[in-house]
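Below is the file my_file_3.cif, which contains mmCIF, C-alpha atoms.
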```cif
data_entry
loop_
_atom_site.group_PDB
_atom_site.id
_atom_site.type_symbol
_atom_site.label_atom_id
_atom_site.label_comp_id
_atom_site.auth_asym_id
_atom_site.auth_seq_id
_atom_site.Cartn_x
_atom_site.Cartn_y
_atom_site.Cartn_z
ATOM 1 C CA MET C 1 3.044 11.176 -10.189
ATOM 2 C CA HIS C 2 4.442 9.873 -13.473
ATOM 3 C CA VAL C 3 3.221 6.354 -14.227
ATOM 4 C CA THR C 4 2.933 3.907 -17.091
ATOM 5 C CA ILE C 5 -0.399 2.544 -18.237
ATOM 6 C CA LYS C 6 0.183 -1.008 -16.978
ATOM 7 C CA PRO C 7 -0.231 -0.319 -13.202
ATOM 8 C CA ILE C 8 -3.288 1.859 -13.926
ATOM 9 C CA VAL C 9 -4.979 -1.011 -15.759
ATOM 10 C CA GLU C 10 -3.913 -3.557 -13.116
ATOM 11 C CA GLY C 11 -5.247 -1.393 -10.295
ATOM 12 C CA SER C 12 -8.504 -0.422 -11.977
ATOM 13 C CA GLN C 13 -10.455 -3.286 -10.349
ATOM 14 C CA LYS C 14 -9.053 -2.812 -6.852
ATOM 15 C CA PRO C 15 -11.067 -1.099 -4.094
ATOM 16 C CA ARG C 16 -10.202 2.575 -3.771
ATOM 17 C CA TYR C 17 -11.139 5.459 -1.526
ATOM 18 C CA LYS C 18 -13.066 8.442 -2.967
ATOM 19 C CA GLY C 19 -11.998 7.828 -6.543
ATOM 20 C CA ARG C 20 -8.267 7.674 -5.919
ATOM 21 C CA ILE C 21 -6.174 5.816 -8.488
ATOM 22 C CA VAL C 22 -4.384 2.636 -7.413
ATOM 23 C CA VAL C 23 -0.722 2.401 -8.465
ATOM 24 C CA ASN C 24 1.377 -0.515 -7.180
ATOM 25 C CA ASN C 25 -1.154 -1.031 -4.357
ATOM 26 C CA SER C 26 -0.796 2.614 -3.296
ATOM 27 C CA GLN C 27 -3.643 5.098 -3.725
ATOM 28 C CA VAL C 28 -2.812 8.431 -5.344
ATOM 29 C CA TYR C 29 -4.882 11.441 -6.408
ATOM 30 C CA ILE C 30 -3.280 12.530 -9.692
ATOM 31 C CA VAL C 31 -1.154 10.688 -12.245
ATOM 32 C CA GLN C 32 0.543 11.678 -15.470
ATOM 33 C CA LEU C 33 0.666 9.405 -18.509
ATOM 34 C CA CYS C 34 2.614 9.778 -21.706
ATOM 35 C CA GLY C 35 1.963 7.732 -24.828
ATOM 36 C CA MET C 36 0.872 7.563 -28.441
ATOM 37 C CA MET C 37 -2.724 7.947 -29.539
ATOM 38 C CA CYS C 38 -3.449 4.646 -31.276
ATOM 39 C CA HIS C 39 -7.187 5.114 -31.802
ATOM 40 C CA LEU C 40 -9.429 8.141 -32.264
ATOM 41 C CA ASP C 41 -13.131 8.075 -33.034
ATOM 42 C CA HIS C 42 -15.010 11.358 -33.373
ATOM 43 C CA GLU C 43 -18.707 11.286 -32.511
ATOM 44 C CA GLU C 44 -21.169 14.145 -32.380
ATOM 45 C CA ALA C 45 -21.108 14.475 -28.593
ATOM 46 C CA TYR C 46 -17.716 12.985 -27.705
ATOM 47 C CA CYS C 47 -14.376 11.584 -28.865
ATOM 48 C CA ASP C 48 -13.270 8.055 -28.001
ATOM 49 C CA TYR C 49 -9.526 7.484 -27.902
ATOM 50 C CA LYS C 50 -6.853 4.991 -26.869
ATOM 51 C CA LEU C 51 -3.426 5.837 -25.516
ATOM 52 C CA PHE C 52 -0.551 3.329 -25.824
ATOM 53 C CA ASP C 53 2.824 3.614 -24.077
ATOM 54 C CA GLY C 54 4.475 0.232 -24.651
ATOM 55 C CA THR C 55 3.254 -1.266 -21.352
ATOM 56 C CA GLY C 56 -0.419 -1.297 -22.291
ATOM 57 C CA GLU C 57 -3.259 0.807 -23.606
ATOM 58 C CA ILE C 58 -5.966 2.778 -21.904
ATOM 59 C CA LYS C 59 -9.317 3.855 -23.327
ATOM 60 C CA GLY C 60 -10.927 7.214 -22.712
ATOM 61 C CA ARG C 61 -13.889 9.338 -23.732
ATOM 62 C CA ASP C 62 -13.771 13.102 -23.998
ATOM 63 C CA TRP C 63 -17.160 14.849 -24.037
ATOM 64 C CA ARG C 64 -17.588 17.955 -26.163
ATOM 65 C CA ASP C 65 -18.435 21.267 -24.554
ATOM 66 C CA CYS C 66 -22.077 22.047 -25.353
ATOM 67 C CA MET C 67 -21.288 25.733 -25.807
ATOM 68 C CA LEU C 68 -17.968 25.562 -27.646
ATOM 69 C CA GLY C 69 -18.597 22.328 -29.501
ATOM 70 C CA ASN C 70 -14.869 21.456 -29.541
ATOM 71 C CA THR C 71 -12.328 19.839 -27.224
ATOM 72 C CA PHE C 72 -8.599 19.200 -27.336
ATOM 73 C CA PHE C 73 -9.331 15.867 -28.998
ATOM 74 C CA SER C 74 -11.360 17.501 -31.774
ATOM 75 C CA ALA C 75 -8.081 18.588 -33.363
ATOM 76 C CA ALA C 76 -6.017 15.574 -32.227
ATOM 77 C CA ARG C 77 -4.692 13.114 -34.757
ATOM 78 C CA TYR C 78 -3.858 9.411 -34.760
ATOM 79 C CA GLY C 79 -0.164 8.888 -33.965
ATOM 80 C CA TRP C 80 0.219 11.982 -31.807
ATOM 81 C CA HIS C 81 2.222 11.545 -28.612
ATOM 82 C CA LEU C 82 0.385 13.039 -25.660
ATOM 83 C CA GLN C 83 1.011 13.926 -22.064
ATOM 84 C CA MET C 84 -2.114 13.541 -19.944
ATOM 85 C CA LYS C 85 -2.620 14.414 -16.303
ATOM 86 C CA PHE C 86 -5.742 13.115 -14.638
ATOM 87 C CA GLY C 87 -7.429 12.089 -11.417
ATOM 88 C CA CYS C 88 -11.117 11.252 -11.434
ATOM 89 C CA ALA C 89 -11.268 13.199 -14.719
ATOM 90 C CA ILE C 90 -8.764 14.575 -17.214
ATOM 91 C CA LEU C 91 -7.084 17.640 -15.738
ATOM 92 C CA ASP C 92 -4.728 18.483 -18.576
ATOM 93 C CA GLU C 93 -3.617 17.194 -21.958
ATOM 94 C CA LEU C 94 -0.740 18.311 -24.128
ATOM 95 C CA LYS C 95 0.727 17.244 -27.462
ATOM 96 C CA VAL C 96 4.378 16.190 -27.109
ATOM 97 C CA GLU C 97 6.488 18.316 -29.426
ATOM 98 C CA ASP C 98 9.879 17.476 -27.915
ATOM 99 C CA HIS C 99 10.318 13.701 -27.804
ATOM 100 C CA ASN C 100 12.871 14.030 -25.007
ATOM 101 C CA GLU C 101 9.770 14.465 -22.861
ATOM 102 C CA LEU C 102 9.005 10.778 -23.457
ATOM 103 C CA THR C 103 12.400 9.789 -22.065
ATOM 104 C CA HIS C 104 11.988 12.091 -19.077
ATOM 105 C CA HIS C 105 8.537 10.682 -18.400
ATOM 106 C CA PHE C 106 9.696 7.054 -18.320
ATOM 107 C CA LEU C 107 12.711 7.920 -16.158
ATOM 108 C CA ASN C 108 10.312 9.575 -13.721
ATOM 109 C CA CYS C 109 8.126 6.440 -13.821
ATOM 110 C CA VAL C 110 11.105 4.295 -12.775
ATOM 111 C CA THR C 111 12.044 6.753 -10.013
ATOM 112 C CA ASN C 112 8.480 6.821 -8.648
ATOM 113 C CA HIS C 113 8.248 3.016 -8.756
ATOM 114 C CA ILE C 114 11.478 2.652 -6.758
ATOM 115 C CA GLU C 115 10.318 5.244 -4.211
ATOM 116 C CA LEU C 116 7.000 3.423 -3.711
ATOM 117 C CA ILE C 117 8.835 0.145 -3.075
ATOM 118 C CA ARG C 118 11.223 1.844 -0.629
ATOM 119 C CA SER C 119 8.381 3.526 1.274
ATOM 120 C CA LYS C 120 6.550 0.191 1.624
ATOM 121 C CA LYS C 121 9.751 -1.412 2.905
ATOM 122 C CA ARG C 122 10.198 1.408 5.442
ATOM 123 C CA ASP C 123 6.570 1.038 6.588
ATOM 124 C CA PHE C 124 7.021 -2.733 6.960
ATOM 125 C CA GLU C 125 10.239 -2.320 8.964
ATOM 126 C CA LEU C 126 8.546 0.250 11.212
ATOM 127 C CA ARG C 127 5.603 -2.087 11.850
ATOM 128 C CA MET C 128 7.959 -4.965 12.625
ATOM 129 C CA THR C 129 9.960 -2.782 15.023
ATOM 130 C CA SER C 130 6.750 -1.728 16.791
ATOM 131 C CA TYR C 131 5.677 -5.377 16.984
ATOM 132 C CA HIS C 132 8.980 -6.464 18.554
ATOM 133 C CA VAL C 133 8.921 -3.585 21.062
ATOM 134 C CA ALA C 134 5.361 -4.511 22.088
ATOM 135 C CA ALA C 135 6.339 -8.190 22.406
ATOM 136 C CA GLU C 136 9.295 -7.324 24.665
ATOM 137 C CA LEU C 137 7.045 -5.150 26.844
ATOM 138 C CA ASP C 138 4.588 -8.049 27.153
ATOM 139 C CA LYS C 139 7.398 -10.340 28.302
ATOM 140 C CA GLU C 140 8.644 -7.773 30.818
ATOM 141 C CA GLY C 141 5.116 -7.445 32.195
ATOM 142 C CA LEU C 142 4.814 -11.220 32.646
ATOM 143 C CA ILE C 143 8.152 -11.407 34.443
ATOM 144 C CA CYS C 144 7.124 -8.600 36.805
ATOM 145 C CA LEU C 145 3.838 -10.376 37.519
ATOM 146 C CA LEU C 146 5.564 -13.709 38.183
ATOM 147 C CA ALA C 147 8.099 -11.943 40.429
ATOM 148 C CA ASN C 148 5.283 -10.778 42.724
ATOM 149 C CA ASP C 149 5.799 -12.187 46.208
ATOM 150 C CA SER C 150 2.476 -14.037 46.373
ATOM 151 C CA VAL C 151 3.206 -15.790 43.054
ATOM 152 C CA ARG C 152 6.914 -16.354 43.702
ATOM 153 C CA LYS C 153 6.286 -18.056 47.048
ATOM 154 C CA SER C 154 3.619 -20.359 45.603
ATOM 155 C CA ALA C 155 4.851 -23.883 44.932
ATOM 156 C CA VAL C 156 2.864 -24.204 41.708
ATOM 157 C CA GLY C 157 3.322 -20.607 40.499
ATOM 158 C CA ALA C 158 0.718 -18.652 38.555
ATOM 159 C CA THR C 159 -2.009 -20.176 36.421
ATOM 160 C CA TYR C 160 -2.587 -19.321 32.769
ATOM 161 C CA ASP C 161 -5.968 -17.798 33.619
ATOM 162 C CA PHE C 162 -4.376 -15.658 36.336
ATOM 163 C CA LEU C 163 -1.833 -14.250 33.867
ATOM 164 C CA LEU C 164 -4.477 -13.703 31.191
ATOM 165 C CA GLY C 165 -6.720 -11.827 33.627
ATOM 166 C CA HIS C 166 -3.961 -9.550 34.884
ATOM 167 C CA MET C 167 -2.149 -8.875 31.611
ATOM 168 C CA HIS C 168 -5.274 -8.057 29.533
ATOM 169 C CA MET C 169 -3.616 -9.512 26.421
ATOM 170 C CA GLU C 170 -4.941 -11.400 23.465
ATOM 171 C CA GLU C 171 -4.546 -15.123 24.135
ATOM 172 C CA SER C 172 -2.412 -15.645 21.025
ATOM 173 C CA LYS C 173 0.028 -12.950 22.199
ATOM 174 C CA LEU C 174 0.075 -14.308 25.738
ATOM 175 C CA ARG C 175 0.854 -17.835 24.512
ATOM 176 C CA ALA C 176 3.625 -16.495 22.249
ATOM 177 C CA ALA C 177 5.164 -14.450 25.070
ATOM 178 C CA LEU C 178 5.047 -17.400 27.506
ATOM 179 C CA LYS C 179 6.645 -19.717 24.935
ATOM 180 C CA GLU C 180 9.475 -17.261 24.325
ATOM 181 C CA LEU C 181 10.110 -16.856 28.042
ATOM 182 C CA ILE C 182 10.186 -20.633 28.510
ATOM 183 C CA ASP C 183 12.546 -21.038 25.535
ATOM 184 C CA GLU C 184 14.801 -18.338 27.005
ATOM 185 C CA GLY C 185 14.821 -20.130 30.382
ATOM 186 C CA SER C 186 13.287 -17.142 32.167
ATOM 187 C CA ILE C 187 10.220 -19.109 33.337
ATOM 188 C CA TYR C 188 9.190 -22.766 33.508
ATOM 189 C CA ASN C 189 6.094 -24.919 33.859
ATOM 190 C CA THR C 190 5.400 -26.511 37.217
ATOM 191 C CA VAL C 191 2.582 -29.059 37.698
ATOM 192 C CA ASP C 192 1.323 -28.839 34.108
ATOM 193 C CA ASP C 193 1.461 -26.721 30.946
ATOM 194 C CA TYR C 194 -0.868 -24.130 32.482
ATOM 195 C CA HIS C 195 1.146 -23.239 35.574
ATOM 196 C CA PHE C 196 4.182 -20.972 35.351
ATOM 197 C CA LYS C 197 6.915 -19.922 37.732
ATOM 198 C CA LEU C 198 9.817 -17.518 37.438
ATOM 199 C CA ALA C 199 13.216 -19.203 37.130
ATOM 200 C CA GLU C 200 15.419 -17.874 39.942
ATOM 201 C CA ASN C 201 19.157 -18.262 39.884
#
```
Please render this file's structure as structure tokens.
Amino acid sequence: MHVTIKPIVEGSQKPRYKGRIVVNNSQVYIVQLCGMMCHLDHEEAYCDYKLFDGTGEIKGRDWRDCMLGNTFFSAARYGWHLQMKFGCAILDELKVEDHNELTHHFLNCVTNHIELIRSKKRDFELRMTSYHVAAELDKEGLICLLANDSVRKSAVGATYDFLLGHMHMEESKLRAALKELIDEGSIYNTVDDYHFKLAEN
């Protein structure tokens, strides 16, 4: 996934699962950055660097190979534009020779950002649809229970506790379903607010 540095920095303090990277509140395994090296400090065992892309900067440390003694950053220079792909660790780094790659990278960042927003919207709409379907099923179940002969013939109807015991619902959902049915005119209270009867035309 192509990303800018800003969401990486913003998500760095958020809880994540097994080292995944947080981007716009979504957890991903691998991201690709593109920016200019604005700091490079060579030490005996490692190289410290900073990458800047216009949205922010990110710091990194590249450890030297004990056998080879060199890394990609050993030959890197301040001002280079780099493409970096990483997850929990750097997976690949490449000097940008064609600066059209910078444009392509940021266009991909915009595309990925829009797709993340759309997927969250689709997930939200799906959850809301599931919620409304479940709520309608709860209401249908209450109507069927209140239509039972023993309840229908009772002068006071069914008690709240009776409905709660037979529907096996959370109380908050039961209260919401009863309120909707009363507002729709499908049921009504009898002797008090805790007795309910089916409205029959």
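Among C:Arg61, C:His132, C:Lys179, C:His105, the residue with the shortest atom-to-atom distance to Cys34 of chain C, counting all atoms listed in the file, is C:His105.
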- Quote the spacing between atom CA of Lys121 of chain C and atom CA of Leu178 of chain C in Å to one decimal place. 29.7 Å
Find the residues near Asn148 of chain C: any atom within 12 Å, counting only C-alpha atoms, skip ones fewer than 6 places away on the same chain, and give them as a short mmCIF file (atom, residue, chain, number, x, y, z; two decimals) with C-alpha atoms, in the frame of the given file.
```cif
data_model
loop_
_atom_site.label_atom_id
_atom_site.label_comp_id
_atom_site.auth_asym_id
_atom_site.auth_seq_id
_atom_site.Cartn_x
_atom_site.Cartn_y
_atom_site.Cartn_z
CA GLY C 141 5.12 -7.44 32.20
CA LEU C 142 4.81 -11.22 32.65
CA SER C 154 3.62 -20.36 45.60
CA GLY C 157 3.32 -20.61 40.50
CA ALA C 158 0.72 -18.65 38.56
CA LEU C 163 -1.83 -14.25 33.87
CA LYS C 197 6.92 -19.92 37.73
CA LEU C 198 9.82 -17.52 37.44
#
```
Which centre and edge lengths in Å to one decimal define the box along x, y and z that fits every listed atom of segment 116-129 of chain C plus 8 Å per side, as JSON?
```
{"center_x": 8.4, "center_y": -0.7, "center_z": 5.7, "size_x": 21.6, "size_y": 24.5, "size_z": 34.7}
```
- Message: Using all atoms listed in the file for the distances, tell me which of C:Ser150, C:Glu115, C:Phe162, C:His2 is nearest to Thr103 of chain C.
- Response: C:His2
Using the atoms already present, construct all heavy atoms for segment 101-112 of chain C and hand them back as a PDB file, in the coordinates of the input.
```pdb
ATOM      1  N   GLU C 101      10.751  14.538 -23.936  1.00  0.00           N
ATOM      2  CA  GLU C 101       9.770  14.465 -22.861  1.00  0.00           C
ATOM      3  C   GLU C 101       9.356  13.020 -22.592  1.00  0.00           C
ATOM      4  O   GLU C 101       9.040  12.654 -21.462  1.00  0.00           O
ATOM      5  CB  GLU C 101       8.533  15.300 -23.215  1.00  0.00           C
ATOM      6  CG  GLU C 101       8.768  16.793 -23.247  1.00  0.00           C
ATOM      7  CD  GLU C 101       9.098  17.344 -21.871  1.00  0.00           C
ATOM      8  OE1 GLU C 101       8.601  16.777 -20.880  1.00  0.00           O
ATOM      9  OE2 GLU C 101       9.852  18.325 -21.800  1.00  0.00           O
ATOM     10  N   LEU C 102       9.341  12.189 -23.641  1.00  0.00           N
ATOM     11  CA  LEU C 102       9.005  10.778 -23.457  1.00  0.00           C
ATOM     12  C   LEU C 102      10.042  10.087 -22.577  1.00  0.00           C
ATOM     13  O   LEU C 102       9.705   9.329 -21.667  1.00  0.00           O
ATOM     14  CB  LEU C 102       8.914  10.067 -24.813  1.00  0.00           C
ATOM     15  CG  LEU C 102       7.869  10.598 -25.799  1.00  0.00           C
ATOM     16  CD1 LEU C 102       7.993   9.887 -27.135  1.00  0.00           C
ATOM     17  CD2 LEU C 102       6.473  10.421 -25.239  1.00  0.00           C
ATOM     18  N   THR C 103      11.313  10.370 -22.869  1.00  0.00           N
ATOM     19  CA  THR C 103      12.400   9.789 -22.065  1.00  0.00           C
ATOM     20  C   THR C 103      12.305  10.255 -20.623  1.00  0.00           C
ATOM     21  O   THR C 103      12.410   9.456 -19.686  1.00  0.00           O
ATOM     22  CB  THR C 103      13.767  10.189 -22.647  1.00  0.00           C
ATOM     23  OG1 THR C 103      13.836   9.783 -24.005  1.00  0.00           O
ATOM     24  CG2 THR C 103      14.902   9.536 -21.866  1.00  0.00           C
ATOM     25  N   HIS C 104      12.098  11.549 -20.434  1.00  0.00           N
ATOM     26  CA  HIS C 104      11.988  12.091 -19.077  1.00  0.00           C
ATOM     27  C   HIS C 104      10.811  11.466 -18.331  1.00  0.00           C
ATOM     28  O   HIS C 104      10.913  11.160 -17.128  1.00  0.00           O
ATOM     29  CB  HIS C 104      11.802  13.612 -19.132  1.00  0.00           C
ATOM     30  CG  HIS C 104      13.004  14.331 -19.659  1.00  0.00           C
ATOM     31  ND1 HIS C 104      12.940  15.578 -20.218  1.00  0.00           N
ATOM     32  CD2 HIS C 104      14.309  13.961 -19.722  1.00  0.00           C
ATOM     33  CE1 HIS C 104      14.144  15.961 -20.584  1.00  0.00           C
ATOM     34  NE2 HIS C 104      14.994  14.992 -20.303  1.00  0.00           N
ATOM     35  N   HIS C 105       9.719  11.273 -19.037  1.00  0.00           N
ATOM     36  CA  HIS C 105       8.537  10.682 -18.400  1.00  0.00           C
ATOM     37  C   HIS C 105       8.844   9.274 -17.891  1.00  0.00           C
ATOM     38  O   HIS C 105       8.536   8.943 -16.735  1.00  0.00           O
ATOM     39  CB  HIS C 105       7.377  10.633 -19.392  1.00  0.00           C
ATOM     40  CG  HIS C 105       6.193   9.859 -18.893  1.00  0.00           C
ATOM     41  ND1 HIS C 105       5.308  10.363 -17.962  1.00  0.00           N
ATOM     42  CD2 HIS C 105       5.766   8.593 -19.178  1.00  0.00           C
ATOM     43  CE1 HIS C 105       4.390   9.451 -17.693  1.00  0.00           C
ATOM     44  NE2 HIS C 105       4.639   8.376 -18.417  1.00  0.00           N
ATOM     45  N   PHE C 106       9.449   8.439 -18.732  1.00  0.00           N
ATOM     46  CA  PHE C 106       9.696   7.054 -18.320  1.00  0.00           C
ATOM     47  C   PHE C 106      10.772   6.964 -17.242  1.00  0.00           C
ATOM     48  O   PHE C 106      10.716   6.079 -16.377  1.00  0.00           O
ATOM     49  CB  PHE C 106      10.053   6.196 -19.531  1.00  0.00           C
ATOM     50  CG  PHE C 106       8.863   5.843 -20.370  1.00  0.00           C
ATOM     51  CD1 PHE C 106       8.630   6.457 -21.589  1.00  0.00           C
ATOM     52  CD2 PHE C 106       7.935   4.921 -19.923  1.00  0.00           C
ATOM     53  CE1 PHE C 106       7.517   6.150 -22.349  1.00  0.00           C
ATOM     54  CE2 PHE C 106       6.819   4.596 -20.670  1.00  0.00           C
ATOM     55  CZ  PHE C 106       6.603   5.219 -21.889  1.00  0.00           C
ATOM     56  N   LEU C 107      11.733   7.879 -17.250  1.00  0.00           N
ATOM     57  CA  LEU C 107      12.711   7.920 -16.158  1.00  0.00           C
ATOM     58  C   LEU C 107      12.023   8.278 -14.843  1.00  0.00           C
ATOM     59  O   LEU C 107      12.324   7.699 -13.791  1.00  0.00           O
ATOM     60  CB  LEU C 107      13.813   8.939 -16.464  1.00  0.00           C
ATOM     61  CG  LEU C 107      14.823   8.529 -17.546  1.00  0.00           C
ATOM     62  CD1 LEU C 107      15.759   9.690 -17.858  1.00  0.00           C
ATOM     63  CD2 LEU C 107      15.624   7.309 -17.117  1.00  0.00           C
ATOM     64  N   ASN C 108      11.087   9.217 -14.921  1.00  0.00           N
ATOM     65  CA  ASN C 108      10.312   9.575 -13.721  1.00  0.00           C
ATOM     66  C   ASN C 108       9.455   8.408 -13.242  1.00  0.00           C
ATOM     67  O   ASN C 108       9.256   8.221 -12.033  1.00  0.00           O
ATOM     68  CB  ASN C 108       9.423  10.785 -14.004  1.00  0.00           C
ATOM     69  CG  ASN C 108      10.191  12.092 -13.992  1.00  0.00           C
ATOM     70  OD1 ASN C 108      11.096  12.265 -13.185  1.00  0.00           O
ATOM     71  ND2 ASN C 108       9.851  13.001 -14.886  1.00  0.00           N
ATOM     72  N   CYS C 109       8.918   7.623 -14.190  1.00  0.00           N
ATOM     73  CA  CYS C 109       8.126   6.440 -13.821  1.00  0.00           C
ATOM     74  C   CYS C 109       8.968   5.461 -13.012  1.00  0.00           C
ATOM     75  O   CYS C 109       8.516   4.917 -11.999  1.00  0.00           O
ATOM     76  CB  CYS C 109       7.596   5.741 -15.074  1.00  0.00           C
ATOM     77  SG  CYS C 109       6.283   6.623 -15.927  1.00  0.00           S
ATOM     78  N   VAL C 110      10.199   5.220 -13.474  1.00  0.00           N
ATOM     79  CA  VAL C 110      11.105   4.295 -12.775  1.00  0.00           C
ATOM     80  C   VAL C 110      11.423   4.825 -11.381  1.00  0.00           C
ATOM     81  O   VAL C 110      11.396   4.091 -10.390  1.00  0.00           O
ATOM     82  CB  VAL C 110      12.401   4.086 -13.590  1.00  0.00           C
ATOM     83  CG1 VAL C 110      13.408   3.275 -12.793  1.00  0.00           C
ATOM     84  CG2 VAL C 110      12.093   3.390 -14.910  1.00  0.00           C
ATOM     85  N   THR C 111      11.726   6.132 -11.301  1.00  0.00           N
ATOM     86  CA  THR C 111      12.044   6.753 -10.013  1.00  0.00           C
ATOM     87  C   THR C 111      10.874   6.633  -9.031  1.00  0.00           C
ATOM     88  O   THR C 111      11.054   6.278  -7.861  1.00  0.00           O
ATOM     89  CB  THR C 111      12.395   8.238 -10.206  1.00  0.00           C
ATOM     90  OG1 THR C 111      13.501   8.341 -11.105  1.00  0.00           O
ATOM     91  CG2 THR C 111      12.762   8.886  -8.888  1.00  0.00           C
ATOM     92  N   ASN C 112       9.666   6.920  -9.513  1.00  0.00           N
ATOM     93  CA  ASN C 112       8.480   6.821  -8.648  1.00  0.00           C
ATOM     94  C   ASN C 112       8.227   5.397  -8.190  1.00  0.00           C
ATOM     95  O   ASN C 112       7.840   5.157  -7.045  1.00  0.00           O
ATOM     96  CB  ASN C 112       7.243   7.345  -9.394  1.00  0.00           C
ATOM     97  CG  ASN C 112       7.281   8.842  -9.593  1.00  0.00           C
ATOM     98  OD1 ASN C 112       7.947   9.552  -8.858  1.00  0.00           O
ATOM     99  ND2 ASN C 112       6.584   9.329 -10.601  1.00  0.00           N
TER     100      ASN C 112
END
```
